[in-house]
Every structure is written in structure tokens, then in C-alpha cells.
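Peer 1: Quick one: the structure is below, and I'll ask about it shortly.
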Amino acid sequence: MGSMFSPLTKNIGIDLGTSTIQVYVEGRGIVMSEPSILATDERNRKIVAVGHAAETMLAKSPETVKIHKPLQNGIIADYNVTRTMLGYLLSKAVRSVQRLRIMVGVPAAASNVEKRAVVEAIFQAGAKEAYLIETAAAAALGAGLPVYDPIGSMVIDVGGGTTNIAVLSLGGIVISRSIHLGSQDFDQAIRDYIRQEYAVVTDDETIEEMKIHNGSAVLPLEDRGYYFTGRGIDDGLQREVGVKASEIYRVMGKPLVKILDLVQAVLRETPPELSADIMEHGIVLTGGGAKLHGMDQLFSQELGVPVALSPEPEMAVALGTGRALQDREKLGALVEGVERIYRRRF
Ligand SMILES: Nc1ncnc2c1ncn2[C@@H]1O[C@H](COP(=O)(O)OP(=O)(O)OP(=O)(O)O)[C@@H](O)[C@H]1O
């Protein structure tokens, strides 16, 4: 029997996200969800913290500590840091010495060089078999869409740094697109706005909280304020500022329109018989960014198609990579052009 049936082989699915790394282990589910952050001591280049522990150092790290965010827009921006971070997280997630078979999601727009960097990082982190799948396809599998059926299914995965969109049918990708734009761009839009409008700056955690608690893709019914203490850009003094939900709603418009434009382009390119299925069954939203209040409502209004947020949307990609590993023979046979799944065995 080949390695495929070896009981010592562990199937692992990874969402190597710009904001979060999630690890799925077959039989155990998602065992890890950690911020994609690593902290090093600049004096000796040693790792001092990874994931949540490194995140807590963001605001108050001493000068000797350097914070690394090695993933940008869903791809590897710093190979060495990514490899180290992956190796560390995997050793925490899978303690016993086993043969690792790993599947990772990558954006549709990733170049071959970028894909190779991911594959190499997986091998360096300890994998014996490595597979890649487009992020949106993984999201569709993870969200439980009927991707093997002879009907069209559409998914929009809004992550931290990328949005991945795909139409799938008969176990294959019919159309897929990705854009370097995600929930971190909502943060940036808020950051720019309070700087321009209120002449203050504040930390990333406050911006994130403002987005989560007061952000909305549709005009909020209740125009409540979000109050925080910022630092004046002219005088450096602390100042209390209140930002209304309606202001944040207006700020979110620009990045949301860009995502909507891409979704509309994908729908225009979709063969009519599959569009009819999508019109009937709707579009599923996944990814942490899709949790922005009212995003499903906005997309549904603008596209004229039912849109639903998947349960636990931020877990869909990791779950889907795990499912894709289990189904990989089926996917290999059904996905047209096996080039969409890259594999390499040792
Ligand atoms: N309620 C919310 N509203 C808006 N954004 C949210 C909400 N909750 C979480 N997010 C955002 O979701 C993002 C993380 O989502 P996810 O884990 O799907 O992204 P990722 O996989 O790390 O990124 P990418 O797919 O771009 O590589 C973060 O930017 C976070 O701020």
C-alpha cells in the first residue's frame, strides 16, 4: 500500500492567512487559530513569541523586540519568517512524530513563484506531502457548498488582506478571481478618516474594535457613537473622540465597492446556466471580513441575488483544505486542468 493509506500519515489543512493562521487536523478539527505574527529579539535574532503571544507585544514591545507580519495580501512576503512561524505552530499542533500531508489555500492571483514559496515553506515546516488549492475553492468546500453537483455554486471569501471569489461546479473551478483587498483595508479606511477628519491617530486594536462594533456595510439603524482616546497629530496631546456609526459606514463604501465590482465581473463571465443556479441558490460569504455587519444585505441588494453568511465564516478555508485532502483523488479527477492543485511527493 502507498503512503496514502499509512495510519501514521496525518492530514493537515492550513489557512495561511494574512491576519490569522488556522490549522485543521483530520479527526480533531481546527486545533489552532493564531495571529500571523512573530516577535524576535533584535539583539540575538531569537524568536520571543509567536501568534497570540506576539500580538500582545504589538502595542508595548520594547525597542529590542521586532514584530514581523510575514504574510501580505494572502501571500508570503517574508519567506524565512513564514517558514519559522509555520514550523513552530505545526510542532505545537501536531506533537507526535507523524508523516504530515499538508494542504494550504492560496489566492487565485498568486504567481507560480509565490505558490512555490508556500510549498517550500510547508516542506521546510515538516511536510512530507504538500498540496495547494485556491482559497475560494477551499472556502466553498469548508462552507459545505455542493461543489461536486452539476450546478453552479458561488463563494466570496473576504479575508484580512485578500478577497477570493469563485464559481464552482462538478468539483472544479469555473471562474475564480482574487483582489488584494480585505478587512485590513476597512481598518486603513477608518484610520485615514479619523486622521483627516479628527486629526488624531490611535492604535490598531482601537481601529479594529471600532470596525467590529460600529462598522457596517449598510446605513446603520441606530447611529451610535464609538468613543476612544486618540493622540492629536499637531500637538501630540491625548484627546477623546466620538465617531458615529454612519461615518464608519460611509468610510467602508470605497473598499466595498471595489469588492462588489469584482463580484459583478465574475457574475458577468459566468455561463448563463450556472448564473441561473446562483440566482436561485444564492452566494455564500466566508472569511472573517465577511462578518462586517450588513455585508450580506448590501451584496444581496446590489447584486439582486440571495447572499448568506456561512456559519463560522473565518473557519471555512481551513476546514475546506482539510476536506480537500480527504477528497483529493476525487478532486484530482474532477478538477479540470489538474494544474489548479499542485502536488509534490517525497
Ligand atoms: N465583525 C467583523 N467585521 C469586519 N471584519 C472582521 C470582523 N471580525 C473579524 N474581522 C476581520 O477578519 C479578518 C480575518 O479574517 P480571516 O481569518 O478570514 O483572514 P485571513 O485568512 O487571515 O486573511 P487572507 O485570507 O486575506 O489571507 C481580520 O482582518 C479581522 O479584522
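Numbering starts fresh at 1 for the residues of each chain in the C-alpha cells, the chains themselves are lettered A, B, ... in the order given, and ligands are numbered from 1 as they appear.
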Around ligand 1, which protein and nucleic acid residues have at least one atom no more than 6 Å from it, if we count only C-alpha atoms and all ligand atoms? List them as a list in words.
Peer 2: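 Using only C-alpha atoms and all ligand atoms, everything at most 6 Å from ligand 1 comes to Gly17, Thr18, Ser19, Thr20, Asn73, Gly74, Gly159, Gly160, Gly161, Thr162, Gly182, Ser183, Gln184, Glu208, Lys211, Ile212, Gly287, Gly288, Gly289, Lys291, Leu292 and Glu314 of chain A.
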Peer 1: Would you mind listing, for every residue of range 222-319 of chain A within 8 Å of range 7-15 of chain A, the two atoms forming the shortest contact and the distance between them in Å to one decimal, using only C-alpha atoms, sorted by chain and ascending residue number, as JSON lines?
Peer 2:
{"residue": "A:Val317", "atom": "CA", "partner": "A:Asp15", "partner_atom": "CA", "distance": 5.9}
{"residue": "A:Ala318", "atom": "CA", "partner": "A:Asp15", "partner_atom": "CA", "distance": 4.8}
{"residue": "A:Leu319", "atom": "CA", "partner": "A:Gly13", "partner_atom": "CA", "distance": 7.0}
Peer 1: Can you write out as a tab-separated table which residues of range 111-198 of chain A fall within 12 Å of range 254-259 of chain A, alongside each residue's closest atom pair and its distance in Å to one decimal, counting only C-alpha atoms and ordering rows by chain and ascending residue number?
Peer 2:
residue	atom	partner	partner_atom	distance
A:Ile156	CA	A:Ile259	CA	9.4
A:Asp157	CA	A:Ile259	CA	10.5
A:Val158	CA	A:Ile259	CA	8.9
A:Gly159	CA	A:Ile259	CA	11.7
A:Gly161	CA	A:Pro255	CA	11.7
A:Thr162	CA	A:Ile259	CA	9.9
A:Thr163	CA	A:Ile259	CA	7.4
A:Asn164	CA	A:Ile259	CA	9.5
A:Ile165	CA	A:Ile259	CA	9.4
A:Arg177	CA	A:Ile259	CA	10.6
A:Ser178	CA	A:Ile259	CA	9.4
A:Ile179	CA	A:Ile259	CA	7.8
A:His180	CA	A:Ile259	CA	9.8
A:Leu181	CA	A:Pro255	CA	7.4
A:Gly182	CA	A:Pro255	CA	8.1
A:Ser183	CA	A:Pro255	CA	8.9
A:Gln184	CA	A:Pro255	CA	10.1
A:Asp185	CA	A:Pro255	CA	6.9
A:Phe186	CA	A:Pro255	CA	6.8
A:Asp187	CA	A:Pro255	CA	10.3
A:Gln188	CA	A:Pro255	CA	9.9
A:Ala189	CA	A:Pro255	CA	8.0
A:Ile190	CA	A:Pro255	CA	11.0
A:Tyr193	CA	A:Lys254	CA	12.0
Peer 1: Rank A:Ile37, A:Ile21, A:Leu274, A:Ile133 by their smallest atom-to-atom distance to Leu168 in chain A, using only C-alpha atoms, and report the top residue only.
Peer 2: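 Nearest to Leu168 in chain A: A:Leu274.
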Peer 1: Can you list, as a VMD selection string, all residues belonging to range 4-241 of chain A that DSSP tags as strand (DSSP E)?
Peer 2: chain A and resid 9 to 16 20 to 25 29 to 35 38 to 41 46 to 50 65 to 68 71 to 72 75 to 76 99 to 106 127 to 134 153 to 158 163 to 169 172 to 179 200 to 201 225 to 232 238 to 241
Peer 1: Please list as a ChimeraX atom specification every residue within 6 Å of range 112-126 of chain A, counting only C-alpha atoms and excluding residues in the same chain fewer than 4 positions away.
Peer 2: /A:83,86-87
